[in-house]
Amino acid sequence: MPLVPAAIVLHYAAPEAHVWGFALAGFAIVPLAGWMGKATEHLADRTGEGIGGLLNASFGNMAEIIIAIMALREGLTEIVKASLTGSIIGNALLILGVSMLGGGLKFKVQKYNPAGARTRATQLTLAAIALVIPAVYHQLAGAYGGELREGALSLEISALLIVVYGLALVFSLHTHTRYFTREAAEAGRLEASHAAWSLRRSLIVLIGATAVVSWLAEILVSSVEPAAEALGMTEVFVGVIVIAIVGNAAEHSTAILMALQDRMDLALGIAIGSATQIALFAAPVLVFLSYAIGPEPMDLVFTPAEVVAIGLCVLIVGQVAEDGESNWLEGVQLLAVYLILALMFYFLP
Amino acid sequence: MPLVPAAIVLHYAAPEAHVWGFALAGFAIVPLAGWMGKATEHLADRTGEGIGGLLNASFGNMAEIIIAIMALREGLTEIVKASLTGSIIGNALLILGVSMLGGGLKFKVQKYNPAGARTRATQLTLAAIALVIPAVYHQLAGAYGGELREGALSLEISALLIVVYGLALVFSLHTHTRYFTREAAEAGRLEASHAAWSLRRSLIVLIGATAVVSWLAEILVSSVEPAAEALGMTEVFVGVIVIAIVGNAAEHSTAILMALQDRMDLALGIAIGSATQIALFAAPVLVFLSYAIGPEPMDLVFTPAEVVAIGLCVLIVGQVAEDGESNWLEGVQLLAVYLILALMFYFLP
Amino acid sequence: MPLVPAAIVLHYAAPEAHVWGFALAGFAIVPLAGWMGKATEHLADRTGEGIGGLLNASFGNMAEIIIAIMALREGLTEIVKASLTGSIIGNALLILGVSMLGGGLKFKVQKYNPAGARTRATQLTLAAIALVIPAVYHQLAGAYGGELREGALSLEISALLIVVYGLALVFSLHTHTRYFTREAAEAGRLEASHAAWSLRRSLIVLIGATAVVSWLAEILVSSVEPAAEALGMTEVFVGVIVIAIVGNAAEHSTAILMALQDRMDLALGIAIGSATQIALFAAPVLVFLSYAIGPEPMDLVFTPAEVVAIGLCVLIVGQVAEDGESNWLEGVQLLAVYLILALMFYFLP
């Protein structure tokens, strides 16, 4: 908490201390993102199950989306795409990996509902396919493609993704809650353990935290380029690894807490669910927003390295997270793939 | 039915009305393909289970094969390969997607035999690998490859595919019928519901429908190029999307009918089975035929976009169609991938 | 056995008869590799379960590693990488395929522990991802990458792989033996059937066989280039197909024997286990060794064709070997993919 004023003061007092500004803003966002999540949950409790589920699902990644919006306003579309990639592999490999490892060290085998897990893993595959196609098109169409056609393709895929996202919400909140029941029941238990906030308190916390996160995100984004240079890292590496970890830190701690309490359905829901949501909701929303707020529109043409990372992530997650059981070695396997991908991004120019 | 003479008359009366000729011929083929399928089934009833299964399996995609033969005779090998790709993704994504969506809206969860489904999905993966390798070779060998070596590789892979296809028939019709029993029993029930045709009637309908389809296919193929140009579409898009839908319309209606009656084993058998058959039987047969009837031989070097489409199709089908259950969201997921691939082909030059 | 002196005599008597020297050395290695395996098993019996498992696991592919070391000393890094690729696809497709086909012809359906099989298949996927990333980096970084950076990336991935390999041993020998119990019990039964060797006898056989295999491996490696040229094959084809079959012949006969006795857990353990071990243990060890013994260091940048082969191998194995049942068609499917990949390597320049 004291990091918030420190980050803001430093930014204005010593605007050339980019690495410190970047680090302070990053660390300061973490607890605030946690508050935003908590406020959203309390708000969801107040608004009934349908709207509540929608709120929880759609605002769960609000901190990342705010950071991305700030980067879009600066025209840093490559960093936005890098952080989207990083959020996907960070949630599905790092967060899920740590959860399975941590939970697996405490419990020999942890069970979860395979039907729900399969639905989620398939959504992730679908999202990966959607995000990969514009890059494939870019490679194949070459000069013929042109920015206009790539923009149009990205817009149409974005519209499709939002429709699928909406239908998946209907599926999980309305027609097939059964698939996720045990999880929902556990989430209820979780909720009940702390006293409910009033609607007013929830809204104030949510708006206040959002405002401060936005301020910090602006500082973070404005120092990305100089900080990356000072640290000898590429901007893409900072986007894929560093920003993604900052933006997802809140999910991280919740997911591992759930895993340590043997609630793997919830841990999976947070980890894979967030990755899917980034791809099916945040990515298309940012594409649309880029036409309104950015100096230039953003398309969905990811770099080849990002395409490879997303593809391999989906491959291993599909194998690990569909069988209804997890153990510590599966956590190690996911983490190893995350590290290998991080090494690749680190070495890439 | 009245479309048949209309298409033929138009073709000769107004040969320059390509779009109309193409559309009429396309629509006219649909019911005739249905008659061919029905006649094959009745013929299969008369010839005993072994030969019958062989007939059903091998002539199930006769309409598509006839269209492809006509295109081969014109030397339109790229359109043949596009329509093979389109039949694979059309059957495995569009037809299966509509079936799962339609059936899933009526029934909450639909069950099917997972062992049979896995065997089919693996066959589809194998087929995809076989069809992808010549394109990989083409990319890697570059100028060194040459048409002769690519032709030889395609011929050897084709021979291998036909052997695997034959062995898979032995597996499903002879050694492991159990995997497909429930399905076969249901197919029997289905058959029993309509009176059997005589051998003579079956043969006459089959030969007659084949002759008329051949005529229409020739008209369809001769107007592909001008019609595509007039509509502002590429020939590949017409091959992958339009011709594939025309050629598979009969399977389409049968599969969705089965899904609506909660006979998912049959619906899967038709959708994935047809896709596999196109890849393991129709594709190699057309390669061999091209040496006899075409102005130039056809190889199996698909375009990169086709390779990507087949690969992604296999990936999502493997995830959706192996677990023994389906629901409406899985249908939506398959359809979304189909739409994304269709968009890619539409935008490609 | 009489082949051993024959190979050695021929090598010195007629050093220009490369094809014969290559063939004799290859055939002579096969039974010796079997003796090395047997001696390792007896040694493992004497040293208690923990160390014994470690010995068995790590020295199981000793013959291949010796051949690779000899090739490294000659600076034939491309042949080493080709034979690593060949060992992976040879074990996971050819050996597993023959086992499933042979066993499946005798037994209608063969069951195995799906949890253990999934763990192994995921390890194989992880290994494939690790081996594929340096090649991806090589493609993406282009000239910027440079040998130094690629070497560093390969070294770091190698270190990571050995850590994962060690953790997987802890998993299977210590924390989750249950996953592999039935298999271990069967292995015990197998062991009990022949009288145990003394520690001394085990060591003498192991050291003696290793020495002779090393000698033969040197002959084999020194005649690879001229023999490949004389046979009109590329060195990569010889490495991927011929050397890999020679080096894995012992595993081959054991795995199929197990399958014919309906011990599919053991057959899978040998086939997929060996493939994984090659990737997670032999490959990184050889990278490290190359800095000590080779004229030039070896990196993990596989050729695009090798990357495609490893990727497709993992894809089909994941589909075939995770469901807990096998049948003869699955064997045919694996063999078909092996043949298709072998054809690709044969035709490649």
# chains A, B, ... in the order shown; residues from 1 in each chain; ligands from 1
>>> closest_atom_pairs(of="chain B", to="chain A", cutoff="8 Å", atoms="only C-alpha atoms", output="JSON lines")
{"residue": "B:Lys108", "atom": "CA", "partner": "A:His176", "partner_atom": "CA", "distance": 7.8}
{"residue": "B:Pro304", "atom": "CA", "partner": "A:Leu140", "partner_atom": "CA", "distance": 7.5}
{"residue": "B:Ala305", "atom": "CA", "partner": "A:Leu140", "partner_atom": "CA", "distance": 7.3}
{"residue": "B:Leu312", "atom": "CA", "partner": "A:Ile129", "partner_atom": "CA", "distance": 7.1}
{"residue": "B:Ile316", "atom": "CA", "partner": "A:Thr125", "partner_atom": "CA", "distance": 6.9}
{"residue": "B:Gln319", "atom": "CA", "partner": "A:Thr122", "partner_atom": "CA", "distance": 6.5}
{"residue": "B:Val320", "atom": "CA", "partner": "A:Thr122", "partner_atom": "CA", "distance": 7.0}
{"residue": "B:Leu329", "atom": "CA", "partner": "A:Ala168", "partner_atom": "CA", "distance": 6.8}
{"residue": "B:Glu330", "atom": "CA", "partner": "A:Thr119", "partner_atom": "CA", "distance": 7.8}
{"residue": "B:Val332", "atom": "CA", "partner": "A:Val164", "partner_atom": "CA", "distance": 7.3}
{"residue": "B:Gln333", "atom": "CA", "partner": "A:Leu126", "partner_atom": "CA", "distance": 6.7}
{"residue": "B:Ala336", "atom": "CA", "partner": "A:Leu160", "partner_atom": "CA", "distance": 7.2}
{"residue": "B:Val337", "atom": "CA", "partner": "A:Leu126", "partner_atom": "CA", "distance": 6.7}
{"residue": "B:Ile340", "atom": "CA", "partner": "A:Ile157", "partner_atom": "CA", "distance": 6.6}
{"residue": "B:Leu341", "atom": "CA", "partner": "A:Ile133", "partner_atom": "CA", "distance": 7.7}
{"residue": "B:Leu343", "atom": "CA", "partner": "A:Leu153", "partner_atom": "CA", "distance": 7.1}
{"residue": "B:Met344", "atom": "CA", "partner": "A:Tyr137", "partner_atom": "CA", "distance": 6.6}
{"residue": "B:Phe347", "atom": "CA", "partner": "A:Arg149", "partner_atom": "CA", "distance": 7.1}
{"residue": "B:Leu348", "atom": "CA", "partner": "A:Ala141", "partner_atom": "CA", "distance": 6.0}
{"residue": "B:Pro349", "atom": "CA", "partner": "A:Ala141", "partner_atom": "CA", "distance": 6.5}
>>> residues_around(residues="B:Pro2", least_positions_apart="5", cutoff="12 Å", atoms="only C-alpha atoms", output="PyMOL selection string")
chain B and resi 7-9+24-25+27-29+31-32
>>> write_last_selection(atoms="all heavy atoms", output="compact mmCIF listing (two decimals), in the first residue's frame")
# COMPACT_ATOMS: atom_id res chain seq x y z
N ALA B 7 -30.90 -26.46 -64.72
CA ALA B 7 -29.46 -26.24 -64.78
C ALA B 7 -28.90 -26.61 -66.14
O ALA B 7 -28.06 -25.90 -66.71
CB ALA B 7 -28.77 -27.08 -63.69
N ILE B 8 -29.39 -27.74 -66.69
CA ILE B 8 -28.85 -28.20 -67.97
C ILE B 8 -29.26 -27.27 -69.10
O ILE B 8 -28.45 -26.90 -69.96
CB ILE B 8 -29.29 -29.65 -68.22
CG1 ILE B 8 -28.63 -30.57 -67.17
CG2 ILE B 8 -28.93 -30.11 -69.63
CD1 ILE B 8 -29.10 -31.99 -67.20
N VAL B 9 -30.56 -26.91 -69.09
CA VAL B 9 -31.06 -26.01 -70.14
C VAL B 9 -30.30 -24.69 -70.10
O VAL B 9 -29.80 -24.19 -71.12
CB VAL B 9 -32.58 -25.78 -69.97
CG1 VAL B 9 -33.04 -24.60 -70.82
CG2 VAL B 9 -33.34 -27.05 -70.32
N LEU B 24 -27.31 -23.12 -60.01
CA LEU B 24 -28.33 -24.12 -60.32
C LEU B 24 -27.75 -25.53 -60.28
O LEU B 24 -28.35 -26.44 -59.71
CB LEU B 24 -28.93 -23.84 -61.71
CG LEU B 24 -30.02 -22.77 -61.75
CD1 LEU B 24 -30.51 -22.58 -63.18
CD2 LEU B 24 -31.20 -23.16 -60.85
N ALA B 25 -26.59 -25.70 -60.91
CA ALA B 25 -25.97 -27.03 -60.91
C ALA B 25 -25.68 -27.47 -59.48
O ALA B 25 -25.90 -28.62 -59.10
CB ALA B 25 -24.68 -27.00 -61.74
N PHE B 27 -27.18 -26.51 -56.61
CA PHE B 27 -28.41 -26.88 -55.90
C PHE B 27 -28.99 -28.20 -56.42
O PHE B 27 -29.54 -29.00 -55.66
CB PHE B 27 -29.46 -25.77 -56.01
CG PHE B 27 -29.20 -24.63 -55.07
CD1 PHE B 27 -28.93 -23.35 -55.54
CD2 PHE B 27 -29.21 -24.85 -53.69
CE1 PHE B 27 -28.68 -22.31 -54.65
CE2 PHE B 27 -28.97 -23.80 -52.81
CZ PHE B 27 -28.71 -22.53 -53.30
N ALA B 28 -28.87 -28.41 -57.75
CA ALA B 28 -29.47 -29.62 -58.33
C ALA B 28 -28.73 -30.87 -57.89
O ALA B 28 -29.33 -31.95 -57.80
CB ALA B 28 -29.45 -29.50 -59.86
N ILE B 29 -27.43 -30.75 -57.60
CA ILE B 29 -26.67 -31.93 -57.19
C ILE B 29 -27.12 -32.44 -55.82
O ILE B 29 -27.16 -33.64 -55.57
CB ILE B 29 -25.15 -31.62 -57.19
CG1 ILE B 29 -24.62 -31.56 -58.62
CG2 ILE B 29 -24.37 -32.66 -56.40
CD1 ILE B 29 -23.17 -31.14 -58.75
N PRO B 31 -30.01 -32.94 -53.98
CA PRO B 31 -30.94 -34.07 -53.79
C PRO B 31 -30.45 -35.34 -54.50
O PRO B 31 -30.67 -36.45 -54.01
CB PRO B 31 -32.25 -33.57 -54.41
CG PRO B 31 -31.84 -32.47 -55.33
CD PRO B 31 -30.63 -31.84 -54.73
N LEU B 32 -29.76 -35.17 -55.65
CA LEU B 32 -29.27 -36.35 -56.36
C LEU B 32 -28.22 -37.09 -55.54
O LEU B 32 -28.19 -38.33 -55.52
CB LEU B 32 -28.68 -35.95 -57.71
CG LEU B 32 -29.74 -35.57 -58.76
CD1 LEU B 32 -29.09 -34.87 -59.93
CD2 LEU B 32 -30.47 -36.82 -59.22
>>> residues_around(residues="B:Met70", least_positions_apart="2", cutoff="8 Å", atoms="only C-alpha atoms", output="number ranges by chain")
B: 66-68, 72-74, 214, 217-218, 221
>>> residues_around(residues="A:Ile51", least_positions_apart="6", cutoff="12 Å", atoms="only C-alpha atoms", output="JSON, numbers by chain")
{"A": [40, 41, 43, 44, 45, 57, 58, 59, 169, 170, 173, 174]}
>>> select_by_dssp(residues="stretch 208-248 of chain B", states="alpha helix (DSSP H)", output="compact mmCIF listing (two decimals) with N, CA, C and O atoms, in the first residue's frame")
# COMPACT_ATOMS: atom_id res chain seq x y z
N GLY B 208 -28.40 -44.17 -62.58
CA GLY B 208 -29.06 -42.98 -63.13
C GLY B 208 -28.61 -41.72 -62.42
O GLY B 208 -28.20 -40.73 -63.06
N ALA B 209 -28.63 -41.76 -61.07
CA ALA B 209 -28.25 -40.57 -60.32
C ALA B 209 -26.78 -40.22 -60.58
O ALA B 209 -26.43 -39.04 -60.74
N THR B 210 -25.94 -41.26 -60.66
CA THR B 210 -24.53 -41.01 -60.93
C THR B 210 -24.34 -40.30 -62.27
O THR B 210 -23.55 -39.35 -62.39
N ALA B 211 -25.09 -40.77 -63.27
CA ALA B 211 -24.96 -40.18 -64.61
C ALA B 211 -25.36 -38.70 -64.58
O ALA B 211 -24.65 -37.84 -65.11
N VAL B 212 -26.50 -38.42 -63.94
CA VAL B 212 -26.97 -37.03 -63.93
C VAL B 212 -26.02 -36.16 -63.11
O VAL B 212 -25.70 -35.03 -63.49
N VAL B 213 -25.55 -36.69 -61.95
CA VAL B 213 -24.62 -35.92 -61.13
C VAL B 213 -23.36 -35.61 -61.94
O VAL B 213 -22.81 -34.50 -61.87
N SER B 214 -22.91 -36.59 -62.73
CA SER B 214 -21.70 -36.37 -63.53
C SER B 214 -21.90 -35.21 -64.50
O SER B 214 -21.04 -34.35 -64.67
N TRP B 215 -23.08 -35.24 -65.13
CA TRP B 215 -23.39 -34.17 -66.07
C TRP B 215 -23.38 -32.80 -65.37
O TRP B 215 -22.75 -31.84 -65.81
N LEU B 216 -24.09 -32.77 -64.24
CA LEU B 216 -24.17 -31.51 -63.49
C LEU B 216 -22.80 -31.08 -62.97
O LEU B 216 -22.46 -29.89 -62.96
N ALA B 217 -22.00 -32.09 -62.54
CA ALA B 217 -20.68 -31.77 -62.01
C ALA B 217 -19.83 -31.12 -63.09
O ALA B 217 -19.05 -30.20 -62.82
N GLU B 218 -20.01 -31.61 -64.34
CA GLU B 218 -19.24 -31.03 -65.43
C GLU B 218 -19.62 -29.56 -65.62
O GLU B 218 -18.75 -28.70 -65.81
N ILE B 219 -20.93 -29.30 -65.56
CA ILE B 219 -21.39 -27.90 -65.69
C ILE B 219 -20.84 -27.06 -64.54
O ILE B 219 -20.31 -25.96 -64.72
N LEU B 220 -20.94 -27.61 -63.32
CA LEU B 220 -20.47 -26.91 -62.13
C LEU B 220 -19.00 -26.53 -62.27
O LEU B 220 -18.60 -25.38 -62.05
N VAL B 221 -18.21 -27.54 -62.67
CA VAL B 221 -16.78 -27.33 -62.74
C VAL B 221 -16.41 -26.34 -63.83
O VAL B 221 -15.53 -25.48 -63.65
N SER B 222 -17.13 -26.44 -64.97
CA SER B 222 -16.77 -25.56 -66.09
C SER B 222 -17.09 -24.11 -65.77
O SER B 222 -16.55 -23.19 -66.38
N VAL B 224 -16.81 -22.83 -62.60
CA VAL B 224 -16.20 -22.39 -61.34
C VAL B 224 -15.39 -21.12 -61.54
O VAL B 224 -15.58 -20.13 -60.83
N GLU B 225 -14.50 -21.14 -62.51
CA GLU B 225 -13.60 -20.02 -62.67
C GLU B 225 -14.33 -18.71 -62.97
O GLU B 225 -14.18 -17.72 -62.26
N PRO B 226 -15.19 -18.70 -64.03
CA PRO B 226 -15.90 -17.43 -64.30
C PRO B 226 -16.84 -17.02 -63.17
O PRO B 226 -16.96 -15.83 -62.87
N ALA B 227 -17.48 -18.03 -62.52
CA ALA B 227 -18.42 -17.67 -61.44
C ALA B 227 -17.66 -17.06 -60.26
O ALA B 227 -18.09 -16.06 -59.68
N ALA B 228 -16.51 -17.67 -59.92
CA ALA B 228 -15.72 -17.14 -58.81
C ALA B 228 -15.31 -15.70 -59.11
O ALA B 228 -15.41 -14.81 -58.26
N GLU B 229 -14.89 -15.48 -60.37
CA GLU B 229 -14.46 -14.14 -60.74
C GLU B 229 -15.62 -13.15 -60.65
O GLU B 229 -15.49 -12.05 -60.09
N ALA B 230 -16.79 -13.57 -61.17
CA ALA B 230 -17.94 -12.68 -61.16
C ALA B 230 -18.36 -12.34 -59.73
O ALA B 230 -18.84 -11.24 -59.45
N LEU B 231 -18.20 -13.31 -58.80
CA LEU B 231 -18.62 -13.09 -57.41
C LEU B 231 -17.54 -12.40 -56.58
O LEU B 231 -17.74 -12.12 -55.40
N GLU B 235 -10.88 -18.81 -56.44
CA GLU B 235 -11.25 -20.19 -56.74
C GLU B 235 -11.06 -21.09 -55.54
O GLU B 235 -11.82 -22.03 -55.31
N VAL B 236 -10.00 -20.82 -54.77
CA VAL B 236 -9.75 -21.66 -53.60
C VAL B 236 -10.90 -21.53 -52.61
O VAL B 236 -11.39 -22.52 -52.07
N PHE B 237 -11.37 -20.30 -52.37
CA PHE B 237 -12.50 -20.11 -51.46
C PHE B 237 -13.73 -20.88 -51.97
O PHE B 237 -14.41 -21.57 -51.20
N ALA B 244 -17.49 -27.70 -51.39
CA ALA B 244 -17.51 -28.69 -50.31
C ALA B 244 -18.90 -28.77 -49.68
O ALA B 244 -19.36 -29.86 -49.32
N ILE B 245 -19.56 -27.63 -49.52
CA ILE B 245 -20.90 -27.67 -48.92
C ILE B 245 -21.88 -28.37 -49.86
O ILE B 245 -22.70 -29.20 -49.45
N VAL B 246 -21.79 -28.07 -51.15
CA VAL B 246 -22.66 -28.73 -52.13
C VAL B 246 -22.44 -30.24 -52.09
O VAL B 246 -23.38 -31.03 -51.98
N GLY B 247 -21.17 -30.66 -52.14
CA GLY B 247 -20.88 -32.08 -52.21
C GLY B 247 -21.26 -32.85 -50.96
O GLY B 247 -21.48 -34.05 -51.00
N ASN B 248 -21.33 -32.15 -49.82
CA ASN B 248 -21.61 -32.83 -48.56
C ASN B 248 -22.99 -32.55 -48.00
O ASN B 248 -23.28 -32.91 -46.86
>>> residues_around(residues="B:Ile243", least_positions_apart="4", cutoff="8 Å", atoms="only C-alpha atoms", output="VMD selection string")
chain B and resid 26 83 86 238 to 239 247
>>> atom_distance(atom1="atom CA of C:Glu147", atom2="atom CA of C:Leu286")
17.2 Å
>>> atom_distance(atom1="atom CA of C:Ser326", atom2="atom CA of C:Leu266")
13.3 Å
>>> residues_around(residues="B:Ala267", least_positions_apart="4", cutoff="6 Å", atoms="only C-alpha atoms", output="PyMOL selection string")
chain B and resi 255+258-259
>>> residues_around(residues="C:Gly97", least_positions_apart="2", cutoff="7 Å", atoms="only C-alpha atoms", output="number ranges by chain")
C: 93-95, 99-101, 331-332, 334-335
>>> atom_distance(atom1="atom CA of C:Lys106", atom2="atom CA of C:Ile88")
26.4 Å
